[in-house]
Amino acid sequence: MAKDLNYTRNIGIMAHIDAGKTTTTERVLFYTGITHKLGEVHDGAATMDWMEQEQERGITITSAAVSTQWIYRGEEYKINIIDTPGHVDFTVEVERSLRILDGAVALFCAVGGVEPQSETVWRQANKYGVPRIGFVNKMDRSGANFFEVVRQVREILGANPVPITIPIGAEETFKGVIDLIENKAVVWFDDDVLGQRYELTDIPADMVEEAAEWRAKMVEAVAEYDDELMEKFFDDPDSITGDQLIDVIRRATIDMSIVPMMCGSAFKNKGIQRLLDGIIRFLPAPTDIADVEGTNPDTGETESRKQTADAPFTALAFKIATDPFVGRLAFMRVYSGTLEAGSYVFNPRSGKKERISRLYQMKSNKQMPIDSISAGDICAGVGFKDIRTGDTLCEEKKPIVLESMEFPDPVIGISVEPKSQKDMDKLSNGLAKLAEEDPTFRVQTDEESGQTVISGMGELHLEIIIDRLKREFKVECNQGRPQVAYKETISKTVDHREVFKKQTGGRGKFADIVVKVGPIDEEKTGLQFVDLVKGGNVPKEFIPSVEKGFKNAMQNGVLAGFTVENLKVQLLDGSFHPVDSDQLSFEIAARQAFKAACAKAGPKLLEPIMRVEVVTPEEYMGDIIGDFNKRRGQIEGMESKAGARVVKAKVPLAEMFGYVTALRTISSGRATSSMEFSHYEEVSKAIATEVVKEAKGKVELL
C-alpha cells in the first residue's frame, strides 16, 4: 500500500473518441503489472476491436476506477485511474469523472490533433480546475505531427503547452523520444514487441541542435514561473538541474500555468513508461489540492474539510455500477476521514443512515476487498439501499453536502421490445440496471400503448445502450424510430375552481379546491407549490395530496401528453365534507384541476435545440450552411482551423436525425460533426400543430 497521500495520484485519461484512449489505458495496466499480456483486459479475454470499445465506454474494464502501482525512483506510488469516455453523448460521464479527479492526462491524436470533443472535455476540465499533462499519441501513424498538435493546443484550447519530450522520427520511422529535462534520448528496442525494454542514450547527432533549441524554450517557459530559476537561466542555463526543472514544472502544472506535453505510440508500445513517470512527477497528489468545500445542510453555512484521515468523514458517490457477482457498487471519492467496512454513513439527500457492508478496490476487472479507506483514495462500496450519482456521504453528527452534479434531461427516445416474449424479463432487468448506472438514461412505459420507451442524450447514446443489452444481458431488441423528447409549458396565469363529487351508495367522494396556476418564478424548477389556505377550509392533512395530484399530473401535459417541466400552483381556498372527503378525493381533484387550468393557460410546446459543430474543407462550406438553413438551424459562427473551416450552429434535434450520413454525402466523407444539447426553445405554431396531431393520432390508432 502507498505510504501516505503524497504517494497517491487520482487521474483520468481524457480524449476525443478516436485518440486511442483504450489502447493507452490497456498499456498502462500492462506495464504496471495489472494485466499480464496485452489485450487481456475485458473479462480476462482478448480485447474486442478497440474502436468498438472506444464507442462503448472509453475503457474496457467493467469498473469505473482501477487502482495500480508504479515504481518511480525506487518509491512505490499508487495510481487510481478513473474512466472518462470520449464521446459527447457521454458528456455526463466525463463531467462526473472530472468532478473527483486531481489531475488528468489529455490524450491527442498526432494526426487529428485538437478535435471538437477535445475542446468540450477541455472546457469541462477548466470548469473543475483539473491540472493536465498532454500526451500526443499515434506518433507512428502517417501524417503524425507532434509540433502541429502543440500549436493547436495553444491556439484552439488557449492553453500554455510546454514540450518536455520531442519525438525521434515520425510515422514509420518513430523509434523514441528525447527527454528535454534529462537531455537524453529514450529509445525502445525494436526486437522487444511488448515495448518493455528501452535505453537512455546520447541524443542522435542530427538532432542535437533541435533538442537544444526546444530545451531552451522549455527552460524559458518554466523559468517565467520561478524567479530563482529565471536568474539561473540568465546567468548559466547549463547549471539548471533536472530535479530543479521537475520541481518547478510540477508547481506550474498544478497551478494550471503550463501543460507539459509528451509523445509516444501506445499501439507500438512506445512512450507509456515515460508517461507514467510524468503522471508521478507533475500531476498533483491529494495533498496538493485545496480543502474540499460544501454546505452544512442544517445551517446553510459553507464549511470546508481538510484532506486528512482524522477529519470527519466526507465522500462523494460519483458512479453507480451493477456487478453480476457483488450487486450494486457505488464508486466514491473519499475527501476526508476514514471509513471502515461494516460501518454506517449518513446520506443528507435521503436523510438516512446506510450500512456499507463491504469495501473494494478495483484491480482490472477484479474486486479486492479492503478493510478501510481514507482521505484521498477511491473505492467502491456495497450495501446501499438508496444511493444516486452525486450523493454526498458523511458522518451523521457532522453533516455536509458537497456540490452535486446536475444532469440534463434526456432529449431523444425510442421504443424497444424483445424479439421473443421469453426475453421480456431479461429486457426489463437489463434496462433497470443500465438506468441505475447512467443518470441521463431513462426507461418508462408509455401508458397508452404499453410500449417500453428508452430515452438518452443522442442517437449514439441509445445505440450503445442497445448494444450493451445485446452483449451484457443477451437480449435482442426490435426498436422503433427515434422520438424527440418535447416538453410542455404554459404562458398565462389562470384561476380555477375544481369540485370533485362522486356518490356511489354508502360513503362518497368529495373535494373542492380553488387554485391559481401559472408560469414558475425565475430560478425555480419543477413544481412550485404554495399553500395560501386560511381558516382550515382545506384541512392540513389533505394539502400534501393536492400537491401530489399536481406533481403526478405534470407527467402528461394537455397539448400532446409531454412532460410539463415547470409549474407554479397556489392553493387559495376550498372546502371539504366531514365524511366523504379523503386524501384520494383531493388528489383526483388536483389532477382534474391541472387539466382544466392548463388548457386555459396558453399551453405551448418546447423542443430541444442542439449545439452542432462541423469541421469541413473550404469547398463544402456553402452546401453545409444551406443544409443547416433547411433544418431550421441558426449559424452562430465560422472560423478557420488547421486548413479547414469550422461552422457552429444551433439546430432543433427533430431536424438532426441521420445527420452524420447526410453530412458524409454533402462533403464526400471529408467533413466531421459533433453535437451536444444546448437548451429548450418554443416551437413555431405550424410545427407544434404537426407534433400534437401526430401524438394524438397515435392514441386514436390504439
# chains A, B, ... in the order shown; residues from 1 in each chain; ligands from 1
$ residues_around --residues "A:Phe441" --least-positions-apart "6" --cutoff "7 Å" --atoms "only C-alpha atoms" --output "MDAnalysis selection string"
chainID A and resid 410 435 455:456
$ write_last_selection --atoms "all heavy atoms" --output "tab-separated table (two decimals), in the first residue's frame"
chain	number	residue	atom	x	y	z
A	410	PRO	N	-32.92	13.69	-20.66
A	410	PRO	CA	-32.74	13.09	-21.99
A	410	PRO	C	-33.52	13.89	-23.04
A	410	PRO	O	-34.54	14.50	-22.74
A	410	PRO	CB	-33.34	11.70	-21.84
A	410	PRO	CG	-33.39	11.43	-20.39
A	410	PRO	CD	-33.53	12.76	-19.72
A	435	ALA	N	-30.15	1.92	-16.28
A	435	ALA	CA	-30.69	3.22	-15.85
A	435	ALA	C	-30.11	3.62	-14.49
A	435	ALA	O	-29.91	4.80	-14.21
A	435	ALA	CB	-32.21	3.15	-15.78
A	455	SER	N	-34.91	6.63	-23.17
A	455	SER	CA	-34.51	7.98	-23.58
A	455	SER	C	-33.07	8.25	-23.17
A	455	SER	O	-32.62	7.78	-22.12
A	455	SER	CB	-35.40	9.03	-22.91
A	455	SER	OG	-36.73	8.63	-22.94
A	456	GLY	N	-32.37	9.05	-24.00
A	456	GLY	CA	-30.97	9.37	-23.71
A	456	GLY	C	-30.56	10.69	-24.33
A	456	GLY	O	-31.39	11.48	-24.76
$ atom_distance --atom1 "atom CA of A:Met621" --atom2 "atom CA of A:Gly658"
19.3 Å
$ residues_around --residues "stretch 508-522 of chain A" --least-positions-apart "6" --cutoff "10 Å" --atoms "only C-alpha atoms" --output "MDAnalysis selection string"
chainID A and resid 489:502 528:533 537:538 542 546 565:590 593:594 597:598 600:602
$ closest_residue --among "A:Phe267, A:Val564, A:Gly430, A:Glu115" --to "A:Glu613" --atoms "only C-alpha atoms"
A:Glu115
$ residues_around --residues "A:Gly337" --least-positions-apart "6" --cutoff "10 Å" --atoms "only C-alpha atoms" --output "PyMOL selection string"
chain A and resi 305-315+373-376+394-395
$ closest_residue --among "A:Asn478, A:Thr563, A:Thr32, A:Asn347" --to "A:Lys385" --atoms "only C-alpha atoms"
A:Asn347
$ atom_distance --atom1 "atom CA of A:Leu653" --atom2 "atom CA of A:Ile609"
5.7 Å
$ closest_residue --among "A:Ile466, A:Ala432, A:Val411, A:Ile82" --to "A:His679" --atoms "only C-alpha atoms"
A:Val411
$ residues_around --residues "A:Met256" --least-positions-apart "3" --cutoff "10 Å" --atoms "only C-alpha atoms" --output "list of chain:residue names"
A:Asn126, A:Gly129, A:Val130, A:Pro131, A:Arg132, A:Ile133, A:Ala159, A:Asn160, A:Arg250, A:Arg251, A:Ala252, A:Thr253, A:Val259
$ atom_distance --atom1 "atom CA of A:Pro603" --atom2 "atom CA of A:Met675"
29.1 Å
$ select_by_dssp --residues "stretch 451-592 of chain A" --states "strand (DSSP E)" --output "ChimeraX atom specification"
/A:452-456,477-479,483-484,487-490,494-502,509-518,527-531,567-575
$ closest_residue --among "A:Asp179, A:Asp409, A:Glu396, A:Glu681" --to "A:Pro260" --atoms "only C-alpha atoms"
A:Asp179
$ residues_around --residues "A:Asn552" --least-positions-apart "2" --cutoff "10 Å" --atoms "only C-alpha atoms" --output "list in words"
Glu547, Lys548, Gly549, Phe550, Met554, Gln555, Asn556, Glu587, Ala590, Arg591 and Phe594 of chain A
$ residues_around --residues "stretch 174-177 of chain A" --least-positions-apart "4" --cutoff "10 Å" --atoms "only C-alpha atoms" --output "number ranges by chain"
A: 138-141, 144, 164-170, 184-190, 198-200, 203, 262-265, 268, 270-271, 274
$ closest_residue --among "A:Lys397, A:Ala380, A:Ala125, A:Asp235" --to "A:Pro297" --atoms "only C-alpha atoms"
A:Lys397
$ select_by_dssp --residues "stretch 234-433 of chain A" --states "helix (DSSP H, G or I)" --output "number ranges by chain"
A: 234-235, 237-239, 242-254, 272-282, 286-288, 421-433
$ closest_residue --among "A:Leu329, A:Ile687, A:Ile464, A:Ile11" --to "A:Arg99" --atoms "only C-alpha atoms"
A:Ile11
